[in-house]
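> Just one file: model.tsv, with TSV, C-alpha atoms and all ligand atoms.
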```tsv
chain	number	residue	atom	x	y	z
A	1	MET	CA	3.97	19.90	-11.37
A	2	SER	CA	6.20	21.77	-8.92
A	3	VAL	CA	4.31	22.32	-5.65
A	4	ASP	CA	5.26	22.47	-2.00
A	5	VAL	CA	4.57	18.85	-1.06
A	6	THR	CA	6.42	16.84	1.57
A	7	VAL	CA	5.88	13.19	2.40
A	8	TYR	CA	7.16	12.06	5.80
A	9	GLY	CA	8.10	8.42	5.95
A	10	ALA	CA	10.30	5.74	4.49
A	11	ARG	CA	10.12	4.08	1.12
A	12	TYR	CA	10.00	0.61	2.68
A	13	SER	CA	6.51	1.29	4.10
A	14	VAL	CA	3.57	-0.03	2.07
A	15	TYR	CA	1.50	2.99	3.09
A	16	VAL	CA	4.20	5.44	2.06
A	17	ARG	CA	4.44	3.61	-1.26
A	18	ALA	CA	0.68	3.97	-1.75
A	19	VAL	CA	0.95	7.75	-1.32
A	20	LEU	CA	3.99	7.97	-3.61
A	21	MET	CA	2.08	6.03	-6.28
A	22	ALA	CA	-0.73	8.61	-6.10
A	23	LEU	CA	1.68	11.56	-6.30
A	24	GLU	CA	3.61	9.95	-9.16
A	25	SER	CA	0.38	9.24	-11.03
A	26	LYS	CA	-0.69	12.87	-10.70
A	27	GLY	CA	2.76	14.09	-11.78
A	28	VAL	CA	3.22	15.98	-8.49
A	29	SER	CA	6.81	16.47	-7.35
A	30	TYR	CA	7.51	15.97	-3.64
A	31	ASP	CA	10.23	15.74	-1.05
A	32	LEU	CA	10.45	12.54	0.96
A	33	VAL	CA	11.58	13.46	4.47
A	34	PRO	CA	12.88	10.35	6.23
A	35	VAL	CA	11.03	9.15	9.30
A	36	ASP	CA	12.17	5.76	10.55
A	37	ILE	CA	9.46	4.13	12.65
A	38	PHE	CA	11.93	1.52	13.81
A	39	SER	CA	14.15	4.13	15.43
A	40	LYS	CA	14.10	4.73	19.17
A	41	SER	CA	10.87	6.22	20.43
A	42	GLU	CA	12.55	9.50	21.51
A	43	ASP	CA	13.62	10.08	17.92
A	44	LEU	CA	9.98	10.01	16.90
A	45	ASP	CA	8.90	12.63	19.44
A	46	ALA	CA	9.31	15.56	17.02
A	47	TYR	CA	7.45	13.65	14.32
A	48	ARG	CA	4.51	13.10	16.71
A	49	GLU	CA	3.83	16.84	16.38
A	50	ILE	CA	2.86	15.98	12.79
A	51	HIS	CA	1.41	12.49	13.33
A	52	PRO	CA	0.35	11.96	16.96
A	53	PHE	CA	0.11	8.19	16.42
A	54	GLY	CA	3.70	8.02	15.15
A	55	ARG	CA	2.84	6.10	12.00
A	56	ILE	CA	3.99	6.78	8.45
A	57	PRO	CA	3.13	8.43	6.11
A	58	ALA	CA	2.10	12.00	6.73
A	59	LEU	CA	1.80	14.65	4.04
A	60	ARG	CA	2.34	18.40	4.13
A	61	HIS	CA	1.06	20.61	1.32
A	62	GLY	CA	1.97	24.20	2.15
A	63	ASP	CA	0.51	24.69	5.65
A	64	PHE	CA	-1.89	21.77	5.37
A	65	ILE	CA	-0.86	18.62	7.22
A	66	LEU	CA	-2.66	15.32	6.78
A	67	TYR	CA	-2.17	11.73	7.95
A	68	GLU	CA	-3.94	8.42	7.20
A	69	THR	CA	-3.17	7.06	3.76
A	70	ALA	CA	-6.74	6.85	2.44
A	71	ALA	CA	-7.36	10.49	3.38
A	72	ILE	CA	-4.02	11.59	1.93
A	73	ASN	CA	-4.61	9.84	-1.36
A	74	ARG	CA	-8.13	11.23	-1.77
A	75	TYR	CA	-6.69	14.69	-1.10
A	76	VAL	CA	-3.88	14.16	-3.60
A	77	ASP	CA	-6.41	13.16	-6.24
A	78	GLU	CA	-8.73	16.07	-5.55
A	79	ALA	CA	-6.19	18.84	-4.89
A	80	PHE	CA	-3.97	18.36	-7.93
A	81	LEU	CA	-4.38	18.25	-11.68
A	82	GLY	CA	-3.64	15.07	-13.55
A	83	PRO	CA	-5.59	11.91	-14.34
A	84	PRO	CA	-8.49	11.13	-11.98
A	85	LEU	CA	-7.56	8.42	-9.49
A	86	GLN	CA	-11.09	7.73	-8.26
A	87	PRO	CA	-13.85	6.29	-10.46
A	88	ALA	CA	-16.59	8.71	-11.47
A	89	GLN	CA	-19.32	6.09	-11.19
A	90	ALA	CA	-20.79	5.54	-7.71
A	91	GLU	CA	-20.56	1.73	-7.74
A	92	ASN	CA	-16.92	1.65	-8.82
A	93	ARG	CA	-16.07	4.39	-6.34
A	94	ALA	CA	-17.64	2.34	-3.56
A	95	ARG	CA	-15.66	-0.72	-4.73
A	96	MET	CA	-12.48	1.33	-4.57
A	97	THR	CA	-13.20	2.34	-0.96
A	98	GLN	CA	-14.19	-1.23	-0.11
A	99	ILE	CA	-10.94	-2.67	-1.47
A	100	MET	CA	-8.83	-0.05	0.34
A	101	SER	CA	-10.57	-0.91	3.60
A	102	MET	CA	-10.28	-4.68	2.96
A	103	THR	CA	-6.58	-4.26	2.33
A	104	ASP	CA	-6.10	-2.38	5.61
A	105	SER	CA	-8.28	-4.70	7.67
A	106	TYR	CA	-7.64	-8.16	6.21
A	107	ALA	CA	-4.47	-8.10	4.11
A	108	TYR	CA	-1.81	-5.81	5.60
A	109	GLN	CA	-1.15	-7.85	8.75
A	110	PRO	CA	-1.21	-11.39	7.29
A	111	LEU	CA	0.48	-10.64	3.97
A	112	VAL	CA	3.15	-8.19	5.12
A	113	TRP	CA	3.80	-9.00	8.77
A	114	ASP	CA	2.91	-12.67	9.06
A	115	VAL	CA	4.31	-13.83	5.70
A	116	TYR	CA	6.85	-11.32	4.36
A	117	VAL	CA	8.40	-10.32	7.67
A	118	GLU	CA	8.50	-13.89	9.00
A	119	ARG	CA	9.77	-15.54	5.81
A	120	ILE	CA	12.03	-12.85	4.28
A	121	SER	CA	12.78	-10.03	6.67
A	122	ASN	CA	13.41	-11.94	9.92
A	123	PRO	CA	16.00	-14.36	8.45
A	124	LYS	CA	17.83	-11.38	6.86
A	125	ASP	CA	17.98	-9.77	10.31
A	126	GLY	CA	19.10	-12.99	11.97
A	127	LYS	CA	15.74	-13.42	13.73
A	128	PRO	CA	13.76	-16.68	13.91
A	129	THR	CA	10.78	-17.37	11.66
A	130	ASP	CA	7.44	-18.23	13.23
A	131	GLU	CA	6.13	-20.92	10.86
A	132	ALA	CA	2.78	-21.03	12.66
A	133	LEU	CA	2.17	-17.36	11.83
A	134	ILE	CA	2.88	-18.02	8.15
A	135	ALA	CA	0.65	-21.11	8.08
A	136	ALA	CA	-2.20	-19.19	9.71
A	137	ALA	CA	-1.79	-16.23	7.32
A	138	LEU	CA	-2.08	-18.18	4.05
A	139	PRO	CA	-5.80	-19.05	4.36
A	140	LYS	CA	-6.42	-15.35	5.17
A	141	ALA	CA	-4.51	-14.37	2.02
A	142	ARG	CA	-6.65	-16.80	-0.02
A	143	ILE	CA	-9.86	-15.21	1.28
A	144	TYR	CA	-8.54	-11.75	0.32
A	145	PHE	CA	-7.49	-12.86	-3.18
A	146	LYS	CA	-10.76	-14.68	-3.77
A	147	ALA	CA	-12.66	-11.53	-2.79
A	148	LEU	CA	-10.50	-9.42	-5.12
A	149	HIS	CA	-11.04	-11.95	-7.93
A	150	TYR	CA	-14.82	-11.51	-7.68
A	151	LEU	CA	-14.83	-7.78	-6.99
A	152	MET	CA	-12.54	-6.84	-9.88
A	153	GLY	CA	-14.35	-9.13	-12.32
A	154	CYS	CA	-12.92	-8.78	-15.81
A	155	GLN	CA	-11.70	-5.20	-15.33
A	156	ALA	CA	-8.04	-4.42	-15.92
A	157	PHE	CA	-7.60	-2.83	-12.49
A	158	LEU	CA	-9.25	-3.44	-9.13
A	159	ALA	CA	-11.99	-0.82	-9.44
A	160	GLY	CA	-12.18	-0.12	-13.16
A	161	GLU	CA	-10.23	-0.02	-16.39
A	162	ALA	CA	-7.67	2.48	-15.09
A	163	PRO	CA	-5.63	2.46	-11.87
A	164	THR	CA	-7.35	3.98	-8.84
A	165	LEU	CA	-6.50	4.50	-5.19
A	166	ALA	CA	-7.55	0.86	-4.59
A	167	ASP	CA	-4.66	-0.35	-6.76
A	168	PHE	CA	-2.24	1.94	-4.94
A	169	HIS	CA	-3.35	0.57	-1.56
A	170	ALA	CA	-3.07	-3.08	-2.61
A	171	ALA	CA	0.01	-3.14	-4.87
A	172	PRO	CA	2.68	-2.44	-2.21
A	173	VAL	CA	1.19	-5.15	0.03
A	174	PHE	CA	1.33	-7.60	-2.89
A	175	GLY	CA	4.89	-6.62	-3.66
A	176	TYR	CA	6.07	-7.78	-0.26
A	177	PHE	CA	3.86	-10.89	-0.12
A	178	LEU	CA	5.19	-12.07	-3.49
A	179	GLU	CA	8.77	-12.01	-2.26
A	180	ALA	CA	7.88	-15.08	-0.19
A	181	PRO	CA	7.72	-18.40	-2.08
A	182	GLU	CA	4.43	-19.23	-0.33
A	183	GLY	CA	3.04	-15.92	-1.55
A	184	ARG	CA	3.92	-16.69	-5.17
A	185	GLU	CA	2.29	-20.12	-4.87
A	186	VAL	CA	-0.95	-18.77	-3.41
A	187	VAL	CA	-1.31	-16.05	-6.05
A	188	LYS	CA	-1.03	-18.67	-8.83
A	189	GLU	CA	-4.43	-19.96	-7.70
A	190	PHE	CA	-5.96	-16.61	-8.74
A	191	PRO	CA	-4.95	-15.90	-12.36
A	192	ARG	CA	-7.04	-12.70	-12.64
A	193	VAL	CA	-5.33	-11.28	-9.59
A	194	GLN	CA	-1.95	-12.42	-10.89
A	195	GLN	CA	-2.58	-10.63	-14.22
A	196	TRP	CA	-3.60	-7.50	-12.33
A	197	TRP	CA	-0.31	-7.65	-10.43
A	198	GLN	CA	1.61	-7.84	-13.70
A	199	ARG	CA	-0.24	-4.74	-14.94
A	200	ILE	CA	0.08	-2.61	-11.83
A	201	SER	CA	3.69	-3.55	-11.06
A	202	ALA	CA	4.66	-2.52	-14.61
A	203	THR	CA	3.38	1.05	-14.13
A	204	GLU	CA	5.89	3.87	-13.77
A	205	ALA	CA	4.04	5.00	-10.63
A	206	PHE	CA	4.72	1.67	-8.91
A	207	LYS	CA	8.34	1.46	-10.08
A	208	ARG	CA	9.09	5.02	-8.93
A	209	ALA	CA	7.29	4.54	-5.60
A	210	VAL	CA	9.34	1.48	-4.70
A	211	GLY	CA	12.49	3.14	-6.01
A	212	SER	CA	13.30	0.63	-8.76
A	301	LIG	N1	-3.73	3.73	9.20
A	301	LIG	C1	-2.41	4.21	8.82
A	301	LIG	C2	-1.46	3.03	8.86
A	301	LIG	C3	-0.04	3.46	8.61
A	301	LIG	C4	0.92	2.41	9.15
A	301	LIG	O1	0.55	1.51	9.91
A	301	LIG	N2	2.18	2.56	8.76
A	301	LIG	C5	3.18	1.65	9.29
A	301	LIG	C6	4.31	1.45	8.29
A	301	LIG	S1	3.77	0.59	6.84
A	301	LIG	C7	3.74	2.27	10.56
A	301	LIG	O2	3.93	3.46	10.63
A	301	LIG	N3	4.00	1.44	11.56
A	301	LIG	C8	4.60	1.90	12.78
A	301	LIG	C9	4.03	1.25	13.99
A	301	LIG	O3	3.24	0.30	13.85
A	301	LIG	O4	4.40	1.69	15.08
A	301	LIG	C10	-2.48	4.81	7.41
A	301	LIG	O5	-3.42	4.51	6.68
A	301	LIG	O6	-1.63	5.65	7.08
```
Output the structure of this file as structure tokens.
Ligand SMILES: N[C@@H](CCC(=O)N[C@@H](CS)C(=O)NCC(=O)O)C(=O)O

Amino acid sequence: MSVDVTVYGARYSVYVRAVLMALESKGVSYDLVPVDIFSKSEDLDAYREIHPFGRIPALRHGDFILYETAAINRYVDEAFLGPPLQPAQAENRARMTQIMSMTDSYAYQPLVWDVYVERISNPKDGKPTDEALIAAALPKARIYFKALHYLMGCQAFLAGEAPTLADFHAAPVFGYFLEAPEGREVVKEFPRVQQWWQRISATEAFKRAVGS
């Protein structure tokens, strides 16, 4: 579908990846306009006209500008044709929202920043690793995985039998966490969650979003 859609951000961001997964799943074409949050603050001044908090992503569809990933992805699902990305049934829809919020509140910081950044990204950049941060993050990761294990039950995806916005929120966070050896070890304790990861990471939407 050729429409006037722009995503502002960088492909390395888990939240940008979540939005790209939604757009890819809907078959919506988009331009990715680079915004590097690690650049000097002055470089971000123009971008703050779009996103006053200076975070990525933001989305523009024609004249309509939107930021906050959960809002963007709901809009993408509702504004464009393509397979539904939110469950029709109220309970599953609530689960989807719950898992998106859990991922923001309890998983993003420990899995991405405390484990991935400390174990993988810092050494690559010649920075020291804070082992205490990693050690403190792993029990938090276990709580998150245990909750996902129970919430997803025997369904193929986190909030039903087809991928939803919950999967798009969680998958990029998993992708980074699993680069760390500790991450791979922890996930082995949760076979249902591990099987989900194999399913979601094999989707074209995920592969295109991460640029593989
Ligand atoms: N609540 C925001 C979070 C977005 C977010 O934190 N993005 C990160 C990159 S993954 C960012 O822009 N960080 C820049 C910063 O913390 O200054 C959303 O849902 O879009």
> Nearest to Tyr15 of chain A: which of A:Lys207, A:Arg199, A:Arg55, A:Arg48 is it, counting all atoms listed in the file?
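For Tyr15 of chain A, the nearest of the given residues is A:Arg55.
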> For a test of reading the model, state the distance in Å between atom N2 of ligand LIG 301 (chain A) and atom CA of Gly62 of chain A, rounded to one decimal.
22.6 Å
> Counting all atoms listed in the file, which residues of segment 62-154 of chain A fall within 7 Å of segment 160-176 of chain A, and what is the closest atom pair for each with its distance in Å at one decimal, ordered by chain and rising number, as a tab-separated table?

```
residue	atom	partner	partner_atom	distance
A:Asn73	CA	A:Leu165	CA	6.8
A:Leu85	CA	A:Thr164	CA	4.5
A:Gln86	CA	A:Thr164	CA	5.3
A:Asn92	CA	A:Gly160	CA	6.7
A:Met96	CA	A:Ala166	CA	5.0
A:Thr97	CA	A:Ala166	CA	6.9
A:Ile99	CA	A:Ala166	CA	5.8
A:Met100	CA	A:Ala166	CA	5.2
A:Thr103	CA	A:Ala170	CA	6.2
A:Tyr108	CA	A:Val173	CA	6.4
A:Leu111	CA	A:Val173	CA	6.8
A:Val112	CA	A:Tyr176	CA	6.1
A:Tyr116	CA	A:Tyr176	CA	5.9
```
> So which one's closest to Tyr12 of chain A, A:Ala180, A:Ile50, A:Ile37, A:Cys154? Using all atoms listed in the file, please.
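Answer, going by the shortest atom-to-atom distance: A:Ile37.
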> Check which residues fall inside 9 Å of ligand LIG 301 (chain A) when counting all atoms listed in the file, and print them as an NGL selection string.
:A and (9-10 or 12-17 or 36-38 or 53-58 or 67-72 or 104 or 108 or 112)
> For Asp63 of chain A, which residue among A:Lys127, A:Pro181, A:Val5, A:Arg192 is the nearest when counting only C-alpha atoms?
A:Val5
> Determine the nearest neighbour of Pro83 of chain A from the options A:Ser201, A:Ser105, A:Ser25, A:Asn122, counting all atoms listed in the file.
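Ranking A:Ser201, A:Ser105, A:Ser25, A:Asn122 by distance to Pro83 of chain A, first place goes to A:Ser25.
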